[in-house]
Amino acid sequence: MTFLDIRFIDIVDIVLVAYLMFRIYKLIKGTVALNILLGIFAFVLFWLLIKAFGMELSSSIMDNVVNVGVLAFIVVFQQEIRRFLLLLGSRYNVGVKFSMEKVFMSESKGMMTIYNKPVVRACVSLAKTKTGALIVITKDSELLDYVQTGELINGVISSQLLENIFFKNSPLHDGAVIITGNKIKAAGCILPVSQNTDLPKRVGLRHRAAMGITESTDAVAIVVSEETGRISFFSKGQMEMGVAEEELQEFLNKS
């Protein structure tokens, strides 16, 4: 046996691991989970190097650290782990993608775009009066955990209803509206706030909440700024600021 005895299955193994690492990187890019993953990778690499060089004392210490560290890691980073698993489940939900409902969605998908128009009209109207708003539109994941934090509405989408919810004297105007299909599921919902340091310092909590929900789920979000009246669109942890009416309609139709 030579020093480099590489079999075909080893090549397949390397390619598979490289692909999985790439997909995980794409999944958590721009989130705090990326820094955690890089820290774990550096620690494991250091641990393997110690074992490879046969450093018995250091290896024994690292083994004990790993044994205790797994539990400590779960306790300290439980929120980040939960968000990562939620993101993984919502973006790669095989049960949803191969369900019978998905098979017959091709016709209804085009029909659902008609409900984007009242959302756009409401956002444009709110922007003119500089009325702050945060609207989340679900995709595969219905975000039931976040729906339960607000007031259940379950009403058909209309621009008048959205404008009334975000009216400045409304008790629900500070929270988020969550839309699923053709229904406004709930209003006044509480969303996770993004810790992304790349966000401009001038943006408020609505923008950070919109970024947070699109980082941790497959939903898209719209924010109307209370200070400037500008409309921002969020998807997959990315933000488009100063979106015009036609652009917003196009973004929603594509999402």
# chains A, B, ... in the order shown; residues from 1 in each chain; ligands from 1
>>> closest_atom_pairs(of="segment 159-186 of chain A", to="segment 118-137 of chain A", cutoff="8 Å", atoms="only C-alpha atoms", output="JSON lines")
{"residue": "A:Ser159", "atom": "CA", "partner": "A:Ala122", "partner_atom": "CA", "distance": 4.6}
{"residue": "A:Gln160", "atom": "CA", "partner": "A:Ala122", "partner_atom": "CA", "distance": 7.1}
{"residue": "A:Leu162", "atom": "CA", "partner": "A:Ala122", "partner_atom": "CA", "distance": 6.3}
{"residue": "A:Glu163", "atom": "CA", "partner": "A:Ala122", "partner_atom": "CA", "distance": 6.0}
{"residue": "A:Phe166", "atom": "CA", "partner": "A:Ala133", "partner_atom": "CA", "distance": 6.0}
{"residue": "A:Phe167", "atom": "CA", "partner": "A:Thr131", "partner_atom": "CA", "distance": 7.0}
{"residue": "A:Lys168", "atom": "CA", "partner": "A:Thr131", "partner_atom": "CA", "distance": 6.9}
{"residue": "A:His173", "atom": "CA", "partner": "A:Ala133", "partner_atom": "CA", "distance": 7.1}
{"residue": "A:Asp174", "atom": "CA", "partner": "A:Ala133", "partner_atom": "CA", "distance": 7.7}
{"residue": "A:Gly175", "atom": "CA", "partner": "A:Leu134", "partner_atom": "CA", "distance": 7.2}
{"residue": "A:Ala176", "atom": "CA", "partner": "A:Leu134", "partner_atom": "CA", "distance": 5.0}
{"residue": "A:Val177", "atom": "CA", "partner": "A:Ile135", "partner_atom": "CA", "distance": 4.8}
{"residue": "A:Ile178", "atom": "CA", "partner": "A:Val136", "partner_atom": "CA", "distance": 4.8}
{"residue": "A:Ile179", "atom": "CA", "partner": "A:Ile137", "partner_atom": "CA", "distance": 4.7}
{"residue": "A:Thr180", "atom": "CA", "partner": "A:Ile137", "partner_atom": "CA", "distance": 6.1}
>>> residues_around(residues="Phe233 of chain A", least_positions_apart="5", cutoff="6 Å", atoms="only C-alpha atoms", output="list in words")
Ala221, Ile222, Met239 and Glu240 of chain A
>>> residues_around(residues="Asp63 of chain A", least_positions_apart="6", cutoff="12 Å", atoms="only C-alpha atoms", output="number ranges by chain")
A: 43-44, 46-48, 50-51, 55-57, 69-70
>>> closest_residue(among="A:Lys26, A:Arg230, A:Lys185, A:Lys139", to="Leu152 of chain A", atoms="only C-alpha atoms")
A:Lys185
